[in-house]
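Reproduced below: input_3.pdb, with PDB, C-alpha atoms and all ligand atoms.
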```
ATOM      1  CA  MET U   1     -18.855  -7.273  11.475
ATOM      2  CA  LEU U   2     -19.542  -6.886   7.746
ATOM      3  CA  ILE U   3     -16.726  -5.448   5.703
ATOM      4  CA  GLY U   4     -17.826  -2.659   3.381
ATOM      5  CA  SER U   5     -20.944  -1.522   5.224
ATOM      6  CA  LYS U   6     -19.432   1.957   4.993
ATOM      7  CA  ILE U   7     -17.659   3.054   1.812
ATOM      8  CA  ILE U   8     -15.977   6.464   1.725
ATOM      9  CA  HIS U   9     -15.531   7.344  -1.948
ATOM     10  CA  LEU U  10     -13.049  10.166  -2.585
ATOM     11  CA  GLU U  11     -12.188  11.917  -5.823
ATOM     12  CA  SER U  12      -8.551  12.369  -4.925
ATOM     13  CA  VAL U  13      -6.307  11.774  -1.907
ATOM     14  CA  ASP U  14      -2.605  11.461  -1.126
ATOM     15  CA  SER U  15      -2.987   7.842  -0.049
ATOM     16  CA  THR U  16      -6.079   5.903   0.996
ATOM     17  CA  ASN U  17      -3.915   4.227   3.661
ATOM     18  CA  ASN U  18      -3.010   7.648   5.071
ATOM     19  CA  TYR U  19      -6.644   8.723   4.971
ATOM     20  CA  ALA U  20      -7.614   5.569   6.871
ATOM     21  CA  ALA U  21      -4.767   6.103   9.376
ATOM     22  CA  ASN U  22      -6.058   9.622  10.087
ATOM     23  CA  LEU U  23      -9.508   8.221  10.833
ATOM     24  CA  VAL U  24      -7.932   5.720  13.198
ATOM     25  CA  HIS U  25      -5.879   8.430  14.946
ATOM     26  CA  GLN U  26      -9.048  10.497  15.399
ATOM     27  CA  GLY U  27     -10.893   7.450  16.748
ATOM     28  CA  ASP U  28     -13.456   8.112  14.034
ATOM     29  CA  TYR U  29     -13.788   4.683  12.429
ATOM     30  CA  ALA U  30     -15.624   1.404  12.440
ATOM     31  CA  HIS U  31     -14.454  -2.075  11.560
ATOM     32  CA  GLY U  32     -14.984  -2.803   7.875
ATOM     33  CA  THR U  33     -14.885   0.797   6.640
ATOM     34  CA  VAL U  34     -13.536   1.075   3.094
ATOM     35  CA  ILE U  35     -11.834   4.112   1.601
ATOM     36  CA  LEU U  36     -11.799   4.222  -2.186
ATOM     37  CA  SER U  37     -10.219   7.001  -4.184
ATOM     38  CA  ASP U  38     -10.452   7.687  -7.920
ATOM     39  CA  ASP U  39      -7.010   9.231  -7.769
ATOM     40  CA  GLN U  40      -4.053   8.925  -5.431
ATOM     41  CA  PHE U  41      -1.148  11.331  -5.749
ATOM     42  CA  LEU U  42       1.231   9.965  -3.081
ATOM     43  CA  GLY U  43       0.371   6.285  -3.121
ATOM     44  CA  LYS U  44       2.597   4.148  -0.948
ATOM     45  CA  GLY U  45       3.995   0.768  -1.922
ATOM     46  CA  GLN U  46       5.918  -1.813   0.060
ATOM     47  CA  ARG U  47       9.344  -1.040   1.523
ATOM     48  CA  GLY U  48       8.987   2.715   1.073
ATOM     49  CA  SER U  49       8.301   2.568  -2.668
ATOM     50  CA  GLU U  50       5.641   4.642  -4.404
ATOM     51  CA  TRP U  51       2.464   3.226  -5.898
ATOM     52  CA  LEU U  52       1.330   4.982  -9.045
ATOM     53  CA  THR U  53      -2.150   5.051 -10.488
ATOM     54  CA  LYS U  54      -4.064   6.855 -13.247
ATOM     55  CA  LYS U  55      -7.141   8.818 -12.288
ATOM     56  CA  GLY U  56     -10.289   6.709 -12.543
ATOM     57  CA  GLU U  57      -8.510   3.777 -14.171
ATOM     58  CA  ASN U  58      -7.365   1.566 -11.335
ATOM     59  CA  LEU U  59      -8.499   0.372  -7.954
ATOM     60  CA  THR U  60      -6.851   2.094  -5.005
ATOM     61  CA  CYS U  61      -8.570   1.370  -1.728
ATOM     62  CA  SER U  62      -7.988   0.680   1.947
ATOM     63  CA  PHE U  63      -9.940  -1.354   4.466
ATOM     64  CA  ILE U  64     -10.000  -0.670   8.183
ATOM     65  CA  ILE U  65     -10.108  -4.018   9.957
ATOM     66  CA  CYS U  66     -10.302  -4.496  13.706
ATOM     67  CA  PRO U  67      -9.325  -8.098  14.406
ATOM     68  CA  ASP U  68     -10.471  -9.646  17.641
ATOM     69  CA  LYS U  69      -7.410 -10.603  19.701
ATOM     70  CA  LEU U  70      -5.014 -11.176  16.810
ATOM     71  CA  SER U  71      -1.463 -11.619  18.070
ATOM     72  CA  VAL U  72       1.321  -9.924  16.099
ATOM     73  CA  ASP U  73       2.746 -13.434  15.700
ATOM     74  CA  ASP U  74      -0.295 -14.300  13.583
ATOM     75  CA  GLN U  75      -0.275 -11.178  11.416
ATOM     76  CA  PHE U  76       0.585 -13.200   8.338
ATOM     77  CA  TYR U  77      -3.019 -14.436   8.317
ATOM     78  CA  LEU U  78      -4.179 -10.921   7.499
ATOM     79  CA  THR U  79      -2.051 -11.188   4.378
ATOM     80  CA  CYS U  80      -3.660 -14.556   3.595
ATOM     81  CA  LEU U  81      -7.137 -13.069   4.009
ATOM     82  CA  VAL U  82      -6.512 -10.207   1.602
ATOM     83  CA  ALA U  83      -4.420 -12.075  -0.936
ATOM     84  CA  LEU U  84      -6.986 -14.872  -1.223
ATOM     85  CA  SER U  85      -9.837 -12.373  -1.563
ATOM     86  CA  THR U  86      -7.965 -10.609  -4.361
ATOM     87  CA  VAL U  87      -7.263 -13.884  -6.177
ATOM     88  CA  ASP U  88     -10.951 -14.826  -5.893
ATOM     89  CA  THR U  89     -12.007 -11.414  -7.211
ATOM     90  CA  LEU U  90      -9.874 -11.933 -10.303
ATOM     91  CA  LYS U  91     -11.324 -15.423 -10.697
ATOM     92  CA  ASP U  92     -14.743 -13.781 -11.173
ATOM     93  CA  TYR U  93     -13.282 -12.247 -14.352
ATOM     94  CA  GLY U  94     -11.872 -15.581 -15.499
ATOM     95  CA  ILE U  95      -8.353 -14.569 -14.463
ATOM     96  CA  ASP U  96      -6.135 -17.173 -12.869
ATOM     97  CA  ALA U  97      -3.903 -15.295 -10.439
ATOM     98  CA  SER U  98      -1.332 -16.487  -7.950
ATOM     99  CA  ILE U  99       0.209 -15.055  -4.805
ATOM    100  CA  LYS U 100       3.864 -14.184  -4.934
ATOM    101  CA  TRP U 101       5.036 -14.409  -1.354
ATOM    102  CA  PRO U 102       4.464 -12.464   0.707
ATOM    103  CA  ASN U 103       1.768 -10.211  -0.700
ATOM    104  CA  ASP U 104       1.906  -9.567  -4.430
ATOM    105  CA  ILE U 105      -0.711 -10.839  -6.826
ATOM    106  CA  TYR U 106       0.628 -12.135 -10.109
ATOM    107  CA  VAL U 107      -0.794 -13.229 -13.441
ATOM    108  CA  LYS U 108       1.438 -14.754 -16.102
ATOM    109  CA  GLN U 109       4.579 -13.838 -14.144
ATOM    110  CA  LYS U 110       3.530 -10.172 -13.986
ATOM    111  CA  LYS U 111       2.225  -8.137 -11.075
ATOM    112  CA  ILE U 112      -1.444  -7.179 -11.217
ATOM    113  CA  ALA U 113      -1.990  -6.068  -7.616
ATOM    114  CA  GLY U 114      -0.065  -5.093  -4.509
ATOM    115  CA  ILE U 115      -1.046  -5.081  -0.871
ATOM    116  CA  LEU U 116       0.220  -2.765   1.856
ATOM    117  CA  ILE U 117      -0.798  -3.616   5.418
ATOM    118  CA  GLU U 118      -0.157  -1.140   8.231
ATOM    119  CA  ASN U 119      -0.991  -2.219  11.765
ATOM    120  CA  PHE U 120      -1.820  -0.343  14.959
ATOM    121  CA  LEU U 121      -0.704  -2.401  17.937
ATOM    122  CA  GLN U 122      -1.845  -2.609  21.519
ATOM    123  CA  GLY U 123       0.811  -4.591  23.355
ATOM    124  CA  ASN U 124       1.182  -7.863  21.523
ATOM    125  CA  LEU U 125      -2.170  -7.544  19.739
ATOM    126  CA  ILE U 126      -3.149  -5.957  16.444
ATOM    127  CA  LYS U 127      -5.850  -3.519  17.438
ATOM    128  CA  THR U 128      -6.510  -2.076  13.997
ATOM    129  CA  SER U 129      -5.157  -2.966  10.610
ATOM    130  CA  ILE U 130      -5.214  -0.815   7.514
ATOM    131  CA  ILE U 131      -5.161  -2.971   4.443
ATOM    132  CA  GLY U 132      -4.360  -1.095   1.252
ATOM    133  CA  ILE U 133      -4.871  -2.702  -2.130
ATOM    134  CA  GLY U 134      -3.776  -1.352  -5.476
ATOM    135  CA  LEU U 135      -5.107  -3.316  -8.440
ATOM    136  CA  ASN U 136      -4.281  -2.541 -12.054
ATOM    137  CA  VAL U 137      -7.646  -2.478 -13.800
ATOM    138  CA  ASN U 138      -7.401  -0.499 -17.046
ATOM    139  CA  SER U 139      -3.720   0.496 -17.064
ATOM    140  CA  CYS U 140      -0.337  -0.394 -15.589
ATOM    141  CA  PRO U 141       1.195   2.786 -14.206
ATOM    142  CA  ASN U 142       3.684   0.744 -12.145
ATOM    143  CA  ALA U 143       5.184  -0.329 -15.419
ATOM    144  CA  PHE U 144       7.941  -2.742 -14.369
ATOM    145  CA  ASN U 145       6.754  -6.287 -14.976
ATOM    146  CA  ALA U 146       3.092  -5.294 -14.602
ATOM    147  CA  ILE U 147      -0.201  -6.343 -16.135
ATOM    148  CA  CYS U 148      -3.788  -5.109 -15.803
ATOM    149  CA  ILE U 149      -7.226  -6.693 -16.179
ATOM    150  CA  GLN U 150      -7.765  -4.910 -19.492
ATOM    151  CA  ASP U 151      -4.605  -6.487 -20.934
ATOM    152  CA  LEU U 152      -6.072  -9.872 -20.173
ATOM    153  CA  ILE U 153      -9.673  -9.504 -21.268
ATOM    154  CA  SER U 154      -9.708  -6.465 -23.577
ATOM    155  CA  GLU U 155     -12.553  -4.734 -21.774
ATOM    156  CA  THR U 156     -12.758  -1.591 -19.690
ATOM    157  CA  PHE U 157     -13.971  -1.976 -16.119
ATOM    158  CA  LYS U 158     -15.123   0.422 -13.426
ATOM    159  CA  PRO U 159     -12.834   0.150 -10.395
ATOM    160  CA  PHE U 160     -15.898   0.586  -8.167
ATOM    161  CA  ASP U 161     -17.487  -2.593  -9.567
ATOM    162  CA  ILE U 162     -14.317  -4.510  -8.846
ATOM    163  CA  LEU U 163     -14.280  -3.125  -5.323
ATOM    164  CA  ILE U 164     -17.788  -4.483  -4.728
ATOM    165  CA  ARG U 165     -16.611  -7.961  -5.731
ATOM    166  CA  LEU U 166     -13.524  -7.641  -3.567
ATOM    167  CA  VAL U 167     -15.707  -6.673  -0.609
ATOM    168  CA  ALA U 168     -17.830  -9.801  -1.173
ATOM    169  CA  LYS U 169     -14.733 -12.007  -1.267
ATOM    170  CA  LEU U 170     -13.359 -10.447   1.914
ATOM    171  CA  ASN U 171     -16.652 -11.173   3.613
ATOM    172  CA  ASN U 172     -16.421 -14.789   2.376
ATOM    173  CA  TRP U 173     -12.961 -15.287   3.846
ATOM    174  CA  TYR U 174     -13.307 -13.188   6.991
ATOM    175  CA  PRO U 175     -15.105 -15.888   9.074
ATOM    176  CA  LYS U 176     -12.095 -18.190   8.569
ATOM    177  CA  PHE U 177      -9.908 -15.449   9.934
ATOM    178  CA  TYR U 178     -12.282 -14.451  12.721
ATOM    179  CA  ASN U 179     -12.737 -18.056  13.861
ATOM    180  CA  ASN U 180      -8.972 -18.638  13.875
ATOM    181  CA  SER U 181      -9.189 -21.205  11.054
ATOM    182  CA  PHE U 182      -5.640 -20.248  10.224
ATOM    183  CA  ASN U 183      -4.772 -23.673   8.824
ATOM    184  CA  VAL U 184      -7.511 -23.265   6.173
ATOM    185  CA  LEU U 185      -6.174 -19.825   5.247
ATOM    186  CA  LEU U 186      -2.596 -21.083   5.037
ATOM    187  CA  THR U 187      -3.486 -24.152   2.969
ATOM    188  CA  SER U 188      -5.525 -22.018   0.570
ATOM    189  CA  TYR U 189      -2.694 -19.477   0.369
ATOM    190  CA  ASN U 190      -0.209 -22.240  -0.428
ATOM    191  CA  ASN U 191      -2.565 -23.605  -3.087
ATOM    192  CA  CYS U 192      -2.263 -20.258  -4.884
ATOM    193  CA  LEU U 193       1.454 -19.794  -4.279
ATOM    194  CA  PHE U 194       3.478 -18.429  -7.169
ATOM    195  CA  GLY U 195       6.524 -20.251  -8.481
ATOM    196  CA  VAL U 196       6.213 -23.533  -6.605
ATOM    197  CA  ASN U 197       8.810 -26.064  -7.762
ATOM    198  CA  GLN U 198      10.111 -23.800 -10.518
ATOM    199  CA  LEU U 199      13.823 -23.154 -10.595
ATOM    200  CA  LEU U 200      14.057 -19.416  -9.867
ATOM    201  CA  LYS U 201      16.785 -16.967  -9.014
ATOM    202  CA  PHE U 202      16.954 -15.378  -5.552
ATOM    203  CA  GLU U 203      19.362 -13.374  -3.444
ATOM    204  CA  ASP U 204      20.114 -13.532   0.253
ATOM    205  CA  ASP U 205      22.907 -12.062   2.388
ATOM    206  CA  GLN U 206      25.283 -14.675   0.954
ATOM    207  CA  GLY U 207      24.617 -13.718  -2.688
ATOM    208  CA  THR U 208      22.468 -14.963  -5.549
ATOM    209  CA  PHE U 209      21.342 -18.562  -5.902
ATOM    210  CA  GLN U 210      18.789 -20.716  -7.651
ATOM    211  CA  GLY U 211      16.108 -22.529  -5.747
ATOM    212  CA  LYS U 212      12.598 -23.891  -5.824
ATOM    213  CA  VAL U 213       9.818 -22.453  -3.676
ATOM    214  CA  GLN U 214       8.173 -25.200  -1.629
ATOM    215  CA  LYS U 215       5.574 -23.499   0.547
ATOM    216  CA  VAL U 216       4.962 -20.798   3.131
ATOM    217  CA  THR U 217       5.174 -21.990   6.740
ATOM    218  CA  CYS U 218       2.707 -21.220   9.540
ATOM    219  CA  ASN U 219       4.900 -18.354  10.724
ATOM    220  CA  GLY U 220       4.805 -16.781   7.276
ATOM    221  CA  MET U 221       8.307 -17.770   6.155
ATOM    222  CA  LEU U 222       9.150 -18.833   2.622
ATOM    223  CA  GLU U 223      10.527 -22.343   2.345
ATOM    224  CA  VAL U 224      12.939 -22.713  -0.560
ATOM    225  CA  GLU U 225      14.781 -25.842  -1.660
ATOM    226  CA  VAL U 226      18.355 -25.108  -2.650
ATOM    227  CA  GLU U 227      20.475 -28.017  -3.825
ATOM    228  CA  ASN U 228      18.436 -30.545  -1.813
ATOM    229  CA  GLU U 229      18.595 -28.418   1.308
ATOM    230  CA  ILE U 230      15.546 -26.639   2.767
ATOM    231  CA  ARG U 231      15.967 -23.007   3.772
ATOM    232  CA  ASN U 232      13.420 -20.746   5.473
ATOM    233  CA  TYR U 233      13.369 -17.023   4.831
ATOM    234  CA  GLY U 234      11.650 -14.098   6.533
ATOM    235  CA  ILE U 235      10.402 -11.113   4.562
ATOM    236  CA  LYS U 236      13.605  -9.053   4.632
ATOM    237  CA  GLN U 237      15.951 -11.988   4.175
ATOM    238  CA  ILE U 238      15.408 -12.845   0.506
ATOM    239  CA  ILE U 239      14.981 -10.990  -2.785
ATOM    240  CA  TRP U 240      13.429 -12.435  -5.936
ATOM    241  CA  HIS U 241      15.308 -11.914  -9.202
ATOM    242  CA  PHE U 242      12.956 -11.724 -12.108
ATOM    243  CA  GLU U 243      15.303 -11.704 -15.056
ATOM    244  CA  SER U 244      15.507 -15.481 -14.662
ATOM    245  CA  MET U 245      11.815 -15.918 -15.194
ATOM    246  CA  THR U 246      11.258 -15.030 -18.802
TER
HETATM  247  C1  LIG U 301       3.067  -2.778  -3.263
HETATM  248  O1  LIG U 301       4.115  -2.121  -3.262
HETATM  249  O2  LIG U 301       2.944  -3.776  -3.958
HETATM  250  C2  LIG U 301       1.907  -2.364  -2.401
HETATM  251  C3  LIG U 301       1.023  -1.419  -3.125
HETATM  252  C4  LIG U 301      -0.158  -0.960  -2.306
HETATM  253  C5  LIG U 301      -0.873   0.157  -2.993
HETATM  254  C6  LIG U 301      -2.160   0.504  -2.342
HETATM  255  S1  LIG U 301      -3.120   1.591  -3.326
HETATM  256  C7  LIG U 301      -4.212   1.850  -2.004
HETATM  257  C8  LIG U 301      -3.398   1.924  -0.741
HETATM  258  N1  LIG U 301      -2.946   3.279  -0.502
HETATM  259  C9  LIG U 301      -1.632   3.393  -0.606
HETATM  260  O3  LIG U 301      -0.990   4.451  -0.485
HETATM  261  N2  LIG U 301      -1.085   2.210  -0.910
HETATM  262  C10 LIG U 301      -2.080   1.165  -0.968
END
```
Could the structure of this file be written out as structure tokens, please?
Ligand code: BTN
Amino acid sequence: MLIGSKIIHLESVDSTNNYAANLVHQGDYAHGTVILSDDQFLGKGQRGSEWLTKKGENLTCSFIICPDKLSVDDQFYLTCLVALSTVDTLKDYGIDASIKWPNDIYVKQKKIAGILIENFLQGNLIKTSIIGIGLNVNSCPNAFNAICIQDLISETFKPFDILIRLVAKLNNWYPKFYNNSFNVLLTSYNNCLFGVNQLLKFEDDQGTFQGKVQKVTCNGMLEVEVENEIRNYGIKQIIWHFESMT
């Protein structure tokens, strides 16, 4: 059940998520396997975007996780598991990070890491999950509103060393996930939530508006207060506007 008991370290790959997906398709995988690549030439980001990296400078890795009877309705807790582990990893370096809903990791209003989760379903259950993490360590190739560890502590780090810490944090949090302690995961996630009670600019299908993030609900929706009214948004229903945040 340990995460990271097998680490596949590649020099270069299109995408560690794709590499992991191929292993899953071939049936050639075990829970907890990690794929790390020094370079990634077709890295995938959320919503079809690309994820850029610089050879040897940043962490690009994917974890193959086989949850035990996790319903698709509870998939948000996978996000909690990974986001919290990433925040804790950064804490080891003295970096205070927060989670921008749903799955971006931010420091000082800039993105330091992104998470891409791809699930293989069996009926209503998540049989296997591929959790990809891209963390800016020594450079910020995804330049828009980005920051890296080196910007914050003026030191160069080996992505592999950061991976080892991340693996330890995932193993710390995994029992909460495995034992269905979802309330603990959600409370911890909300304790790290980015932008709470700050007046920020958003957009929904009615146009742009200002609101204050309150929390994330147990079904993974973002609760925003807009002019004394509470609204709940799913992932594709709201866009953050960052120009209002400087
Ligand atoms: C995002 O858009 O914020 C998600 C970025 C996820 C990037 C990581 S890097 C390792 C893994 N392999 C990929 O192709 N993408 C994820």
For this session: Please write the residues picked by the PyMOL selection byres (((chain U and resi 78) around 10) and not hetatm) on this file as a ChimeraX atom specification.
Result: /U:65,67,70,74-77,79-84,117,129,131,174,177,182,185
For this session: May I have the residues within 10 Å of ligand LIG 301 (chain U), computed using all atoms listed in the file, as a ChimeraX atom specification?
Result: /U:13-20,35-37,39-53,58-63,102-105,111-118,130-136,142
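With distances taken over only C-alpha atoms, U:Val167 is the one residue among U:Asn138, U:Val167, U:Gly220, U:Ile153 lying closest to U:Lys6.
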For this session: Write out as a count of residues only the residues lying within 10 Å of U:Ile230, counting all atoms listed in the file and excluding same-chain residues fewer than 2 positions away.
Result: 11
Problem set entry | Neighbour list for U:Ile162 as a ChimeraX atom specification, cut-off 10 Å, all atoms listed in the file, skip fewer than 6 positions in-chain | /U:58-59,86,89-90,92-93,135,137,168
Exercise. Of the candidates U:Leu152, U:Thr208, U:Asp68, U:Cys218, which one gets nearest to U:Thr187 if we count all atoms listed in the file?
Worked result: U:Cys218
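If only C-alpha atoms are the atoms counted, then among U:Asn172, U:Lys54, U:Thr156, U:Ile64 the closest residue to U:Ala143 is U:Lys54.
The space separating atom CA of U:Ile8 from atom CA of U:Phe120 comes to 20.5 Å.
The space between atom CA of U:Asn179 and atom CA of U:Asn22 spans 28.7 Å.
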Exercise. What does the distance between atom CA of U:Val107 and atom CA of U:Ile149 come to in Å, to one decimal place?
Worked result: 9.6 Å
Exercise. Closest to U:Gly123 among U:Ser71, U:Phe160, U:Glu203, U:Asp96, using all atoms listed in the file?
Worked result: U:Ser71
